[in-house]
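Undergrad: Data: coords.pdb, PDB, C-alpha atoms.
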```pdb
ATOM      1  CA  MET H  22      46.405 -37.609 -44.744
ATOM      2  CA  ALA H  23      46.392 -41.240 -43.565
ATOM      3  CA  ALA H  24      49.582 -42.829 -42.336
ATOM      4  CA  LYS H  25      49.401 -45.440 -45.099
ATOM      5  CA  ASP H  26      49.604 -42.674 -47.703
ATOM      6  CA  LEU H  27      52.673 -41.284 -45.981
ATOM      7  CA  TYR H  28      54.818 -44.354 -45.535
ATOM      8  CA  GLU H  29      54.062 -45.606 -49.036
ATOM      9  CA  LYS H  30      55.755 -42.523 -50.506
ATOM     10  CA  ASP H  31      59.377 -42.935 -51.588
ATOM     11  CA  PHE H  32      60.802 -39.485 -50.912
ATOM     12  CA  TYR H  33      64.203 -40.495 -52.250
ATOM     13  CA  LYS H  34      62.608 -41.381 -55.593
ATOM     14  CA  VAL H  35      60.703 -38.083 -55.607
ATOM     15  CA  LEU H  36      63.992 -36.150 -55.329
ATOM     16  CA  GLY H  37      65.877 -38.563 -57.569
ATOM     17  CA  VAL H  38      68.627 -39.409 -55.058
ATOM     18  CA  ASP H  39      69.999 -42.581 -53.530
ATOM     19  CA  LYS H  40      68.843 -43.652 -50.061
ATOM     20  CA  LYS H  41      72.399 -43.167 -48.813
ATOM     21  CA  ALA H  42      72.817 -39.740 -50.391
ATOM     22  CA  PRO H  43      74.563 -37.222 -48.088
ATOM     23  CA  ALA H  44      72.736 -34.113 -46.880
ATOM     24  CA  ASP H  45      74.554 -31.732 -49.236
ATOM     25  CA  GLU H  46      73.599 -33.829 -52.275
ATOM     26  CA  ILE H  47      69.943 -33.845 -51.188
ATOM     27  CA  LYS H  48      70.022 -30.077 -50.708
ATOM     28  CA  LYS H  49      71.636 -29.490 -54.097
ATOM     29  CA  LYS H  50      69.107 -31.728 -55.849
ATOM     30  CA  TYR H  51      66.160 -30.051 -54.110
ATOM     31  CA  ARG H  52      67.347 -26.554 -55.049
ATOM     32  CA  SER H  53      67.679 -27.573 -58.665
ATOM     33  CA  LEU H  54      64.197 -29.104 -58.786
ATOM     34  CA  ALA H  55      62.562 -26.286 -56.815
ATOM     35  CA  ARG H  56      64.065 -23.707 -59.157
ATOM     36  CA  ASP H  57      62.753 -25.496 -62.259
ATOM     37  CA  LEU H  58      59.330 -26.344 -60.812
ATOM     38  CA  HIS H  59      58.538 -23.178 -58.855
ATOM     39  CA  PRO H  60      54.966 -21.918 -59.547
ATOM     40  CA  ASP H  61      56.305 -18.496 -60.540
ATOM     41  CA  LYS H  62      58.126 -20.196 -63.412
ATOM     42  CA  THR H  63      55.497 -22.795 -64.333
ATOM     43  CA  LYS H  64      52.313 -20.752 -64.065
ATOM     44  CA  GLY H  65      49.286 -22.670 -65.308
ATOM     45  CA  ASP H  66      51.010 -26.075 -65.381
ATOM     46  CA  ALA H  67      49.039 -28.051 -62.784
ATOM     47  CA  ALA H  68      51.187 -31.173 -63.140
ATOM     48  CA  LYS H  69      54.394 -29.299 -62.358
ATOM     49  CA  GLU H  70      52.744 -27.516 -59.446
ATOM     50  CA  GLU H  71      51.875 -30.907 -57.946
ATOM     51  CA  GLN H  72      55.418 -32.095 -58.575
ATOM     52  CA  PHE H  73      56.732 -28.980 -56.836
ATOM     53  CA  LYS H  74      54.574 -29.789 -53.796
ATOM     54  CA  ALA H  75      55.863 -33.360 -53.741
ATOM     55  CA  VAL H  76      59.475 -32.198 -53.982
ATOM     56  CA  SER H  77      58.947 -29.720 -51.121
ATOM     57  CA  GLU H  78      57.321 -32.391 -48.977
ATOM     58  CA  ALA H  79      60.184 -34.810 -49.613
ATOM     59  CA  TYR H  80      62.865 -32.240 -48.831
ATOM     60  CA  GLU H  81      61.107 -31.212 -45.613
ATOM     61  CA  ILE H  82      61.649 -34.731 -44.295
ATOM     62  CA  LEU H  83      64.997 -35.675 -45.814
ATOM     63  CA  SER H  84      66.699 -32.377 -44.921
ATOM     64  CA  ASP H  85      66.122 -32.979 -41.207
ATOM     65  CA  ALA H  86      68.410 -35.703 -39.794
ATOM     66  CA  LYS H  87      65.941 -36.787 -37.091
ATOM     67  CA  LYS H  88      62.922 -36.827 -39.387
ATOM     68  CA  ARG H  89      64.927 -38.652 -42.026
ATOM     69  CA  ALA H  90      65.918 -41.396 -39.556
ATOM     70  CA  GLU H  91      62.305 -41.829 -38.419
ATOM     71  CA  TYR H  92      61.118 -41.921 -42.019
ATOM     72  CA  ASP H  93      63.749 -44.518 -42.970
ATOM     73  CA  GLU H  94      62.625 -46.693 -40.048
ATOM     74  CA  ALA H  95      58.968 -46.386 -41.072
ATOM     75  CA  ARG H  96      59.754 -47.167 -44.704
ATOM     76  CA  SER H  97      61.763 -50.210 -43.669
ATOM     77  CA  LEU H  98      58.807 -51.579 -41.699
ATOM     78  CA  PHE H  99      56.476 -50.891 -44.601
ATOM     79  CA  GLU H 100      58.705 -52.619 -47.140
ATOM     80  CA  ARG H 101      58.869 -55.681 -44.868
ATOM     81  CA  GLY H 102      55.084 -55.716 -44.606
ATOM     82  CA  GLY H 103      55.059 -54.474 -41.037
ATOM     83  CA  PHE H 104      52.287 -51.969 -41.702
ATOM     84  CA  ARG H 105      49.879 -54.311 -43.515
ATOM     85  CA  ALA H 106      46.578 -54.907 -41.793
ATOM     86  CA  PRO H 107      46.604 -58.415 -40.214
ATOM     87  CA  GLN H 108      44.329 -61.192 -41.380
ATOM     88  CA  GLY H 109      41.502 -62.555 -39.290
ATOM     89  CA  GLY H 110      39.966 -59.258 -38.216
ATOM     90  CA  GLY H 111      42.995 -57.924 -36.301
ATOM     91  CA  ASP H 112      43.893 -54.242 -36.333
ATOM     92  CA  PHE H 113      46.992 -52.060 -36.323
ATOM     93  CA  GLY H 114      46.976 -51.961 -32.562
ATOM     94  CA  ASP H 115      47.912 -55.652 -32.487
ATOM     95  CA  ILE H 116      50.995 -54.983 -34.588
ATOM     96  CA  PHE H 117      52.202 -52.045 -32.452
ATOM     97  CA  GLY H 118      51.319 -53.557 -29.084
ATOM     98  CA  GLY H 119      48.285 -51.339 -28.584
ATOM     99  CA  GLY H 120      49.856 -48.339 -30.299
ATOM    100  CA  ASN H 121      48.926 -46.486 -33.430
ATOM    101  CA  PRO H 122      50.906 -46.946 -36.659
ATOM    102  CA  GLN H 123      50.589 -43.213 -37.287
ATOM    103  CA  ASP H 124      52.595 -42.474 -34.132
ATOM    104  CA  ILE H 125      55.846 -43.028 -35.965
ATOM    105  CA  PHE H 126      54.838 -40.157 -38.262
ATOM    106  CA  ALA H 127      53.739 -37.837 -35.483
ATOM    107  CA  ASN H 128      57.130 -36.096 -35.347
ATOM    108  CA  LEU H 129      57.353 -36.022 -39.112
ATOM    109  CA  PHE H 130      53.995 -34.521 -39.950
ATOM    110  CA  GLY H 131      52.795 -32.886 -36.740
ATOM    111  CA  GLY H 132      50.404 -35.367 -35.143
ATOM    112  CA  GLY H 133      50.244 -37.837 -38.001
ATOM    113  CA  GLY H 134      49.026 -35.447 -40.690
ATOM    114  CA  ARG H 135      50.941 -33.651 -43.409
ATOM    115  CA  ARG H 136      51.872 -30.065 -42.720
ATOM    116  CA  GLY H 137      50.434 -27.402 -44.972
ATOM    117  CA  PRO H 138      52.457 -25.499 -47.534
ATOM    118  CA  ARG H 139      55.403 -23.636 -46.046
ATOM    119  CA  LYS H 140      56.668 -20.158 -46.777
ATOM    120  CA  GLY H 141      60.139 -19.678 -48.171
ATOM    121  CA  GLN H 142      63.092 -18.974 -45.925
ATOM    122  CA  ASP H 143      63.666 -15.464 -44.574
ATOM    123  CA  LEU H 144      66.881 -13.811 -45.726
ATOM    124  CA  GLN H 145      69.070 -11.210 -44.024
ATOM    125  CA  THR H 146      71.567  -8.696 -45.355
ATOM    126  CA  GLU H 147      73.317  -5.547 -44.126
ATOM    127  CA  ALA H 148      73.632  -1.989 -45.427
ATOM    128  CA  THR H 149      75.533   1.112 -44.313
ATOM    129  CA  ILE H 150      73.937   4.569 -44.470
ATOM    130  CA  THR H 151      75.160   8.040 -43.564
ATOM    131  CA  PHE H 152      74.180   9.836 -40.374
ATOM    132  CA  ARG H 153      72.138  12.323 -42.417
ATOM    133  CA  GLU H 154      70.280   9.486 -44.179
ATOM    134  CA  SER H 155      69.425   7.915 -40.820
ATOM    135  CA  VAL H 156      67.847  11.197 -39.674
ATOM    136  CA  PHE H 157      65.961  12.178 -42.836
ATOM    137  CA  GLY H 158      65.413   8.769 -44.436
ATOM    138  CA  THR H 159      66.602   7.435 -47.785
ATOM    139  CA  THR H 160      66.045   4.737 -50.385
ATOM    140  CA  LEU H 161      68.512   1.872 -50.665
ATOM    141  CA  GLU H 162      69.229   0.196 -53.962
ATOM    142  CA  LEU H 163      70.598  -3.259 -53.184
ATOM    143  CA  ARG H 164      71.736  -6.123 -55.390
ATOM    144  CA  LEU H 165      71.413  -9.486 -53.674
ATOM    145  CA  GLY H 166      73.283 -12.537 -54.857
ATOM    146  CA  MET H 167      71.160 -15.644 -55.382
ATOM    147  CA  ASP H 168      71.894 -19.269 -56.301
ATOM    148  CA  ARG H 169      73.924 -20.092 -59.414
ATOM    149  CA  GLY H 170      75.220 -16.575 -59.820
ATOM    150  CA  GLN H 171      71.745 -15.051 -60.166
ATOM    151  CA  SER H 172      70.987 -11.728 -58.498
ATOM    152  CA  GLN H 173      67.982  -9.687 -57.442
ATOM    153  CA  ASN H 174      67.652  -5.898 -57.353
ATOM    154  CA  ILE H 175      65.912  -4.580 -54.246
ATOM    155  CA  SER H 176      64.686  -1.028 -53.614
ATOM    156  CA  ALA H 177      64.178  -0.479 -49.873
ATOM    157  CA  ARG H 178      62.790   2.642 -48.230
ATOM    158  CA  VAL H 179      64.575   3.619 -44.998
ATOM    159  CA  PRO H 180      62.227   5.695 -42.811
ATOM    160  CA  ALA H 181      63.373   8.905 -41.132
ATOM    161  CA  GLY H 182      64.789   8.590 -37.631
ATOM    162  CA  VAL H 183      66.184   5.045 -37.732
ATOM    163  CA  ASN H 184      68.898   4.107 -35.241
ATOM    164  CA  ASP H 185      72.155   2.278 -35.760
ATOM    165  CA  GLY H 186      71.450  -1.466 -35.730
ATOM    166  CA  ALA H 187      67.798  -1.113 -36.779
ATOM    167  CA  LYS H 188      66.256  -3.727 -39.079
ATOM    168  CA  ILE H 189      63.968  -3.129 -42.046
ATOM    169  CA  ARG H 190      61.579  -5.885 -43.094
ATOM    170  CA  MET H 191      60.845  -6.354 -46.789
ATOM    171  CA  LYS H 192      57.838  -8.657 -47.100
ATOM    172  CA  GLY H 193      58.002 -11.262 -49.829
ATOM    173  CA  LYS H 194      61.617 -10.567 -50.781
ATOM    174  CA  GLY H 195      63.086 -13.733 -49.246
ATOM    175  CA  SER H 196      63.543 -17.215 -50.672
ATOM    176  CA  PRO H 197      60.655 -18.711 -52.671
ATOM    177  CA  GLY H 198      58.395 -21.261 -51.001
ATOM    178  CA  GLU H 199      55.293 -23.320 -51.732
ATOM    179  CA  ALA H 200      53.108 -20.918 -49.715
ATOM    180  CA  GLY H 201      54.881 -17.845 -51.018
ATOM    181  CA  PRO H 202      58.317 -16.277 -50.516
ATOM    182  CA  GLY H 203      59.824 -15.450 -47.142
ATOM    183  CA  ASP H 204      60.855 -11.970 -46.037
ATOM    184  CA  LEU H 205      64.096 -10.024 -46.318
ATOM    185  CA  PHE H 206      65.551  -8.302 -43.244
ATOM    186  CA  ILE H 207      68.059  -5.486 -43.754
ATOM    187  CA  GLN H 208      70.220  -4.549 -40.766
ATOM    188  CA  LEU H 209      71.373  -0.938 -40.901
ATOM    189  CA  HIS H 210      74.735   0.458 -39.833
ATOM    190  CA  VAL H 211      74.953   4.247 -39.441
ATOM    191  CA  LYS H 212      78.243   6.026 -40.133
ATOM    192  CA  PRO H 213      79.228   8.522 -37.422
ATOM    193  CA  HIS H 214      79.004  12.232 -38.297
ATOM    194  CA  PRO H 215      82.051  14.537 -37.917
ATOM    195  CA  ILE H 216      80.259  16.957 -35.556
ATOM    196  CA  PHE H 217      76.713  15.741 -34.860
ATOM    197  CA  GLY H 218      75.742  12.989 -32.459
ATOM    198  CA  ARG H 219      72.448  11.578 -31.255
ATOM    199  CA  LYS H 220      70.722  10.878 -27.924
ATOM    200  CA  GLY H 221      67.285   9.445 -28.518
ATOM    201  CA  GLU H 222      65.463  11.929 -30.728
ATOM    202  CA  ASN H 223      67.830  14.774 -29.766
ATOM    203  CA  LEU H 224      70.814  15.739 -31.885
ATOM    204  CA  THR H 225      73.990  16.733 -30.056
ATOM    205  CA  LEU H 226      76.755  19.150 -30.983
ATOM    206  CA  THR H 227      79.915  20.323 -29.213
ATOM    207  CA  LEU H 228      80.465  24.046 -29.841
ATOM    208  CA  PRO H 229      84.001  25.432 -29.437
ATOM    209  CA  VAL H 230      84.042  28.984 -27.979
ATOM    210  CA  THR H 231      86.868  31.289 -26.965
ATOM    211  CA  PHE H 232      87.582  32.262 -23.389
ATOM    212  CA  THR H 233      86.409  35.830 -24.050
ATOM    213  CA  GLU H 234      83.157  34.620 -25.631
ATOM    214  CA  ALA H 235      82.450  32.487 -22.586
ATOM    215  CA  ALA H 236      83.453  35.254 -20.158
ATOM    216  CA  LEU H 237      81.827  38.229 -21.872
ATOM    217  CA  GLY H 238      78.981  36.483 -23.671
ATOM    218  CA  ALA H 239      78.337  36.252 -27.398
ATOM    219  CA  ASP H 240      75.800  35.372 -30.092
ATOM    220  CA  ILE H 241      77.216  32.508 -32.170
ATOM    221  CA  LYS H 242      75.878  30.929 -35.348
ATOM    222  CA  VAL H 243      75.594  27.164 -35.123
ATOM    223  CA  PRO H 244      75.058  24.817 -38.112
ATOM    224  CA  THR H 245      72.118  22.428 -38.162
ATOM    225  CA  LEU H 246      71.813  19.086 -39.924
ATOM    226  CA  SER H 247      69.122  20.501 -42.213
ATOM    227  CA  GLY H 248      71.664  22.932 -43.672
ATOM    228  CA  ASP H 249      70.742  26.329 -42.243
ATOM    229  CA  ASP H 250      72.241  28.083 -39.227
ATOM    230  CA  VAL H 251      70.679  29.004 -35.895
ATOM    231  CA  THR H 252      72.017  31.591 -33.456
ATOM    232  CA  VAL H 253      72.660  30.584 -29.867
ATOM    233  CA  ARG H 254      73.277  33.136 -27.138
ATOM    234  CA  ILE H 255      76.221  32.491 -24.842
ATOM    235  CA  ALA H 256      75.498  34.295 -21.590
ATOM    236  CA  PRO H 257      78.370  36.137 -19.855
ATOM    237  CA  GLY H 258      80.207  33.788 -17.520
ATOM    238  CA  THR H 259      79.117  30.599 -19.287
ATOM    239  CA  PRO H 260      81.174  27.701 -17.885
ATOM    240  CA  ASN H 261      82.792  24.976 -19.939
ATOM    241  CA  GLY H 262      80.450  22.023 -20.460
ATOM    242  CA  ARG H 263      77.159  23.926 -20.224
ATOM    243  CA  THR H 264      74.507  22.572 -22.611
ATOM    244  CA  LEU H 265      72.140  24.871 -24.483
ATOM    245  CA  ARG H 266      68.914  23.642 -26.075
ATOM    246  CA  VAL H 267      67.638  24.645 -29.515
ATOM    247  CA  LYS H 268      63.999  23.560 -29.725
ATOM    248  CA  GLY H 269      62.727  21.502 -32.644
ATOM    249  CA  ARG H 270      66.075  21.001 -34.366
ATOM    250  CA  GLY H 271      66.463  17.321 -33.555
ATOM    251  CA  VAL H 272      65.217  14.101 -35.148
ATOM    252  CA  THR H 273      61.632  13.905 -36.376
ATOM    253  CA  LYS H 274      60.235  10.427 -35.822
ATOM    254  CA  GLY H 275      56.535  10.051 -36.363
ATOM    255  CA  SER H 276      54.783  12.886 -34.539
ATOM    256  CA  THR H 277      57.775  13.575 -32.265
ATOM    257  CA  THR H 278      60.604  16.005 -32.970
ATOM    258  CA  GLY H 279      63.639  16.259 -30.716
ATOM    259  CA  ASP H 280      65.912  19.215 -29.985
ATOM    260  CA  LEU H 281      69.476  20.209 -30.776
ATOM    261  CA  LEU H 282      71.661  20.066 -27.654
ATOM    262  CA  VAL H 283      74.679  22.373 -27.937
ATOM    263  CA  THR H 284      77.455  21.786 -25.390
ATOM    264  CA  VAL H 285      79.915  24.635 -24.841
ATOM    265  CA  GLU H 286      83.610  23.760 -25.002
ATOM    266  CA  VAL H 287      85.882  26.629 -23.974
ATOM    267  CA  GLN H 288      89.081  26.668 -26.011
ATOM    268  CA  VAL H 289      92.277  27.626 -24.144
ATOM    269  CA  PRO H 290      94.927  29.201 -26.434
ATOM    270  CA  GLN H 291      98.160  27.246 -26.515
ATOM    271  CA  ARG H 292     100.228  30.400 -26.896
ATOM    272  CA  VAL H 293      99.636  34.011 -25.837
ATOM    273  CA  ASP H 294     102.033  36.876 -26.583
ATOM    274  CA  GLY H 295     102.186  40.563 -27.359
ATOM    275  CA  LYS H 296      99.326  42.770 -26.253
ATOM    276  CA  ALA H 297      97.154  39.759 -25.559
ATOM    277  CA  LEU H 298      99.703  38.514 -23.036
ATOM    278  CA  ASP H 299      99.882  41.906 -21.356
ATOM    279  CA  ALA H 300      96.102  42.080 -21.185
ATOM    280  CA  LEU H 301      95.908  38.582 -19.739
ATOM    281  CA  LYS H 302      98.477  39.427 -17.059
ATOM    282  CA  LYS H 303      96.506  42.524 -16.214
ATOM    283  CA  PHE H 304      93.366  40.425 -15.972
ATOM    284  CA  ALA H 305      95.139  38.001 -13.628
ATOM    285  CA  GLU H 306      96.190  40.862 -11.367
ATOM    286  CA  GLU H 307      92.660  42.276 -11.273
ATOM    287  CA  THR H 308      91.136  38.915 -10.336
ATOM    288  CA  ALA H 309      93.861  37.715  -7.957
ATOM    289  CA  SER H 310      91.592  38.152  -4.944
ATOM    290  CA  GLU H 311      89.056  35.683  -6.356
ATOM    291  CA  ASP H 312      89.834  32.198  -5.006
ATOM    292  CA  VAL H 313      88.073  29.702  -7.236
ATOM    293  CA  ARG H 314      89.397  26.816  -5.103
ATOM    294  CA  SER H 315      88.474  28.184  -1.692
ATOM    295  CA  ASP H 316      86.590  25.086  -0.595
ATOM    296  CA  PHE H 317      88.272  22.601  -2.916
ATOM    297  CA  ALA H 318      90.604  20.972  -0.343
ATOM    298  CA  ASN H 319      87.870  20.682   2.278
ATOM    299  CA  LYS H 320      85.538  18.905  -0.154
ATOM    300  CA  ALA H 321      88.266  16.406  -0.956
ATOM    301  CA  LYS H 322      88.204  15.256   2.682
ATOM    302  CA  ILE H 323      84.515  14.403   2.688
TER     303      ILE H 323
END
```
The structure in this file should be written as structure tokens.

TA:
Amino acid sequence: MAAKDLYEKDFYKVLGVDKKAPADEIKKKYRSLARDLHPDKTKGDAAKEEQFKAVSEAYEILSDAKKRAEYDEARSLFERGGFRAPQGGGDFGDIFGGGNPQDIFANLFGGGGRRGPRKGQDLQTEATITFRESVFGTTLELRLGMDRGQSQNISARVPAGVNDGAKIRMKGKGSPGEAGPGDLFIQLHVKPHPIFGRKGENLTLTLPVTFTEAALGADIKVPTLSGDDVTVRIAPGTPNGRTLRVKGRGVTKGSTTGDLLVTVEVQVPQRVDGKALDALKKFAEETASEDVRSDFANKAKI
């Protein structure tokens, strides 16, 4: 589009605001016009579609303080006749000292030409899901507030295996625009689980066991996130903190499935009495010759 076509346009008149109108008034007026003239609402009305384009073009300039100042300067020159071609065979270069009159619009329209239609603004919201939903996936039903008390219902599919802080992109669910609506981004927050944790695609679990189970060994049923139980074998003499791996019971993400990592936590009874106390004293006597700290002090000196 030629520069002459640009500086002859009165963008303030297009939006129906005063030249000294503050930014918030311009924004409010644009939103009102864009809502009434949007192609989705005026399908088939060519005149209103053209008006919508003009309103969008005007707001693009007047909503940006720098572009608005440059436009005001250009319009002022035009209204004073500063952009009229000189008589006697002169050209625009004479007026601008060898420059080009379109230069003043270079920052406004990207090299002197009008930008093409623009997509609507992207929107962002947040949602909280359970730990189980983050592992197996879910569908979110959201209600987004829009301008003037309007709302929009959104159904968003959350894929299996998402992490806390992940974002889901919903194409075309953002603000409307001349070249189509923008996108909606949903940031996910995952609630912690009472017993399960996560490391990459592996699920983690701390398994409380008794001293006798750790010392003598035991087969213990362990819950899984899918609802059934698996049996893990505690070998005799298993120390506190040892981690056992249950294959294929972790997070499935694409073609990859993690494992369930079970960490043993030996529980020490807070009170022992009766026969149990006698048995424990007997055990202490039988194992008195075993010094579990034989090299402990020497290692401390290293």

Undergrad: Taking all atoms listed in the file into account, which of H:Val285, H:Leu83, H:Ala236, H:Ile323 comes nearest Pro43 (chain H)?

TA: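 Of H:Val285, H:Leu83, H:Ala236, H:Ile323, the one nearest Pro43 (chain H), counting all atoms listed in the file, is H:Leu83.
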
Undergrad: Go through region 252-277 of chain H and flag each residue having an atom no more than 9 Å from region 287-294 of chain H; for those, report the closest pair of atoms plus their distance in Å to one decimal, using only C-alpha atoms, ordered by chain and rising number, as a Markdown table.

TA:
```
| residue | atom | partner | partner_atom | distance |
| --- | --- | --- | --- | --- |
| H:Pro260 | CA | H:Val287 | CA | 7.8 |
| H:Asn261 | CA | H:Val287 | CA | 5.3 |
| H:Gly262 | CA | H:Val287 | CA | 7.9 |
```

Undergrad: Env of Ala44 (chain H): 10 Å cut, atoms = only C-alpha atoms, seq-sep filter 6 positions within chain, self excluded. Answer as a list in words.

TA: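 In the requested form, the answer reads Lys50, Leu83, Ser84, Asp85 and Ala86 of chain H.
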
Undergrad: Go ahead and compute the interatomic distance for CA of Asp39 (chain H) and CA of Lys87 (chain H), in Å to one decimal.

TA: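 One can read the CA of Asp39 (chain H) to CA of Lys87 (chain H) distance as 17.9 Å.
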
Undergrad: Please, what distance in Å, to one decimal, runs between CA of Leu281 (chain H) and CA of Leu224 (chain H)?

TA: 4.8 Å

Undergrad: The PyMOL selection byres ((chain H and resi 155) around 9) - which residues does that actually catch in the file I just gave you? List them as a list in words.

TA: Ile150, Thr151, Phe152, Arg153, Glu154, Val156, Phe157, Gly158, Thr159, Val179, Pro180, Ala181, Gly182, Val183, Asn184, Asp185 and Val211 of chain H

Undergrad: Selected by the PyMOL selection byres ((chain H and resi 55) around 9) in the shown coordinates: which residues, as a ChimeraX atom specification?

TA: /H:50-54,56-59,73,76-77,197-198

Undergrad: So what do you get for CA of Lys296 (chain H) versus CA of Glu311 (chain H), distance-wise?

TA: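 These two atoms are separated by 23.5 Å.
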
Undergrad: Which residue, H:Glu81, H:Asp312, H:Glu147, H:Pro202, has the smallest gap to Ala177 (chain H) when you use all atoms listed in the file?

TA: H:Glu147

Undergrad: Give me the result of the PyMOL selection byres ((chain H and resi 238-247) around 8) on this file, residue by residue, as a ChimeraX atom specification.

TA: /H:153,217,228,233-237,248-259,270
